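The structure appears below as structure tokens.
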Amino acid sequence: MTIQAERAAHPVEPSMLEKGLTKREYIAAIALLATSASASPHERAKEAVILADALLEVLHPPTAHG
């Protein structure tokens, strides 16, 4: 998981950087709407987190250090 994913989704001022939902949590909540309603809540939650992680990886690809 990148540092970007753990940053606040909507910071309004520097003191709010550690408050509220992270970008990962925010994207997962939105992605939850795209999951199958026939799946169990646990399966839907897992799928939403997988979708959020995939989007964050595309937006902020890991850098190679080596």
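Each chain in the structure tokens gets a letter, A, B, ..., in the order shown, and its residues are numbered from 1; ligands are numbered from 1 in order too.
Once A:Ile50 and its same-chain neighbours fewer than 5 positions away are set aside, Arg24, Ala28, Ala31, Arg44, Ala45, Leu55 and Leu56 of chain A remain within 10 Å of it when counting only C-alpha atoms.
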Store the residues picked out above in a file with N, CA and C atoms, as a PDB file, in the first residue's frame.
ATOM      1  N   ARG A  24      -8.042   5.536   0.395  1.00  0.00           N
ATOM      2  CA  ARG A  24      -8.392   4.131   0.182  1.00  0.00           C
ATOM      3  C   ARG A  24      -9.799   3.834   0.693  1.00  0.00           C
ATOM      4  N   ALA A  28     -12.988   2.939  -1.684  1.00  0.00           N
ATOM      5  CA  ALA A  28     -13.659   1.657  -1.428  1.00  0.00           C
ATOM      6  C   ALA A  28     -15.148   1.864  -1.180  1.00  0.00           C
ATOM      7  N   ALA A  31     -16.632   2.408  -4.532  1.00  0.00           N
ATOM      8  CA  ALA A  31     -16.567   1.167  -5.300  1.00  0.00           C
ATOM      9  C   ALA A  31     -17.599   0.149  -4.813  1.00  0.00           C
ATOM     10  N   ARG A  44     -18.742  -8.361  -0.813  1.00  0.00           N
ATOM     11  CA  ARG A  44     -18.845  -7.042  -1.443  1.00  0.00           C
ATOM     12  C   ARG A  44     -17.773  -6.097  -0.894  1.00  0.00           C
ATOM     13  N   ALA A  45     -17.554  -6.145   0.417  1.00  0.00           N
ATOM     14  CA  ALA A  45     -16.540  -5.283   1.031  1.00  0.00           C
ATOM     15  C   ALA A  45     -15.149  -5.627   0.509  1.00  0.00           C
ATOM     16  N   LEU A  55      -7.236   0.884  -8.295  1.00  0.00           N
ATOM     17  CA  LEU A  55      -7.257   2.264  -8.774  1.00  0.00           C
ATOM     18  C   LEU A  55      -6.081   3.059  -8.211  1.00  0.00           C
ATOM     19  N   LEU A  56      -5.820   2.917  -6.931  1.00  0.00           N
ATOM     20  CA  LEU A  56      -4.706   3.646  -6.323  1.00  0.00           C
ATOM     21  C   LEU A  56      -3.366   3.226  -6.924  1.00  0.00           C
TER      22      LEU A  56
END
Mind giving me the straight-line distance from atom CA of A:Glu25 to atom CA of A:Arg7 in Å, one decimal?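 According to the coordinates, atom CA of A:Glu25 and atom CA of A:Arg7 are separated by 10.0 Å.
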Which residues, written as a PDB file with N, CA, C and O atoms, in the first residue's frame, have at least one atom at most 9 Å from A:Ile27, with only C-alpha atoms counted and residues fewer than 5 positions away on the same chain left out?
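What ended up in out-v6.pdb:
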ATOM      1  N   ALA A   9      -8.668  11.869   2.441  1.00  0.00           N
ATOM      2  CA  ALA A   9      -9.334  12.036   1.160  1.00  0.00           C
ATOM      3  C   ALA A   9      -9.693  13.489   0.888  1.00  0.00           C
ATOM      4  O   ALA A   9      -9.637  13.940  -0.244  1.00  0.00           O
ATOM      5  N   THR A  22      -9.423   7.891   4.770  1.00  0.00           N
ATOM      6  CA  THR A  22      -8.262   7.896   3.895  1.00  0.00           C
ATOM      7  C   THR A  22      -8.766   7.811   2.463  1.00  0.00           C
ATOM      8  O   THR A  22      -9.938   7.502   2.212  1.00  0.00           O
ATOM      9  N   LEU A  32     -17.989   0.254  -3.562  1.00  0.00           N
ATOM     10  CA  LEU A  32     -18.989  -0.654  -3.005  1.00  0.00           C
ATOM     11  C   LEU A  32     -20.286  -0.598  -3.821  1.00  0.00           C
ATOM     12  O   LEU A  32     -20.978  -1.599  -3.981  1.00  0.00           O
ATOM     13  N   ALA A  48     -14.767  -4.338  -3.013  1.00  0.00           N
ATOM     14  CA  ALA A  48     -14.623  -2.887  -3.031  1.00  0.00           C
ATOM     15  C   ALA A  48     -13.197  -2.470  -2.672  1.00  0.00           C
ATOM     16  O   ALA A  48     -12.632  -1.558  -3.292  1.00  0.00           O
ATOM     17  N   VAL A  49     -12.605  -3.136  -1.704  1.00  0.00           N
ATOM     18  CA  VAL A  49     -11.222  -2.822  -1.310  1.00  0.00           C
ATOM     19  C   VAL A  49     -10.255  -3.203  -2.426  1.00  0.00           C
ATOM     20  O   VAL A  49      -9.308  -2.457  -2.730  1.00  0.00           O
ATOM     21  N   LEU A  51     -10.932  -3.221  -5.630  1.00  0.00           N
ATOM     22  CA  LEU A  51     -11.099  -2.191  -6.655  1.00  0.00           C
ATOM     23  C   LEU A  51     -10.392  -0.899  -6.255  1.00  0.00           C
ATOM     24  O   LEU A  51      -9.729  -0.261  -7.082  1.00  0.00           O
ATOM     25  N   ALA A  52     -10.524  -0.510  -5.004  1.00  0.00           N
ATOM     26  CA  ALA A  52      -9.858   0.708  -4.527  1.00  0.00           C
ATOM     27  C   ALA A  52      -8.347   0.576  -4.636  1.00  0.00           C
ATOM     28  O   ALA A  52      -7.668   1.495  -5.107  1.00  0.00           O
ATOM     29  N   ASP A  53      -7.811  -0.553  -4.215  1.00  0.00           N
ATOM     30  CA  ASP A  53      -6.366  -0.773  -4.288  1.00  0.00           C
ATOM     31  C   ASP A  53      -5.882  -0.740  -5.739  1.00  0.00           C
ATOM     32  O   ASP A  53      -4.819  -0.181  -6.034  1.00  0.00           O
ATOM     33  N   LEU A  55      -7.236   0.884  -8.295  1.00  0.00           N
ATOM     34  CA  LEU A  55      -7.257   2.264  -8.774  1.00  0.00           C
ATOM     35  C   LEU A  55      -6.081   3.059  -8.211  1.00  0.00           C
ATOM     36  O   LEU A  55      -5.401   3.780  -8.951  1.00  0.00           O
ATOM     37  N   LEU A  56      -5.820   2.917  -6.931  1.00  0.00           N
ATOM     38  CA  LEU A  56      -4.706   3.646  -6.323  1.00  0.00           C
ATOM     39  C   LEU A  56      -3.366   3.226  -6.924  1.00  0.00           C
ATOM     40  O   LEU A  56      -2.478   4.055  -7.113  1.00  0.00           O
TER      41      LEU A  56
END
